[in-house]
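Step one of this worksheet: look at the structure below.
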Amino acid sequence: MRFLKNPNITVAVLAIYTSIMYIYLFPKNNEMSNTEKWVTIAVSCGILVLLWVLLRRRKKLSEEREREMSRNKESKE
């Protein structure tokens with residue numbers, strides 16, 4: 001599960017999963033109009049981009065916190 005800590009890989013896996021689901025399920029759905037289908041795809045892409053940005057920010061903050069802790073540890077010694 002270590003690969004899921006990388007935001008790029010996590011979002012790529014989710015994007016592949018959603019793409020496969022859209023390819024499989026959307027042609028079978030005749031109740032939705034084409035506009036609704038495109039809006040659904042756009043919203044899910046927006047959510048994936050937002051998730052990617054938030055995960056990158058979280059990873060940068062954790063790396064910064066680790067660097068700061070190592071600096072504090074070195075300064076105390």
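By order in the structure tokens, chains are A, B, ...; within a chain, residues start at 1; ligands start at 1, following the order shown.
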
Residue neighbourhood stretch 34-50 of chain A, 9 Å, only C-alpha atoms, exclusion window fewer than 2 positions, as a CSV table (one decimal) with C-alpha atoms, in the first residue's frame:
chain,number,residue,atom,x,y,z
A,11,VAL,CA,-5.3,9.8,-8.6
A,12,ALA,CA,-4.2,7.8,-11.7
A,14,LEU,CA,-8.9,6.4,-9.5
A,15,ALA,CA,-9.0,8.0,-12.9
A,18,THR,CA,-13.7,5.8,-13.3
A,19,SER,CA,-12.8,5.7,-17.0
A,22,TYR,CA,-17.9,5.1,-17.7
A,26,PHE,CA,-22.7,4.9,-19.9
A,32,MET,CA,-29.7,10.0,-19.0
A,52,TRP,CA,-4.8,15.5,-6.5
A,53,VAL,CA,-4.2,19.0,-5.4
A,54,LEU,CA,-5.2,18.3,-1.8
A,55,LEU,CA,-3.1,15.1,-1.6

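For the pair atom CA of A:Leu51 and atom CA of A:Ile20, the interatomic distance is 19.0 Å.
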
>> When you look at A:Arg56 with a cut-off of 12 Å (counting only C-alpha atoms), what residues show up, excluding the ones that are within fewer than 6 positions of it in the same chain? I need them as a count of residues only.
In response: 11
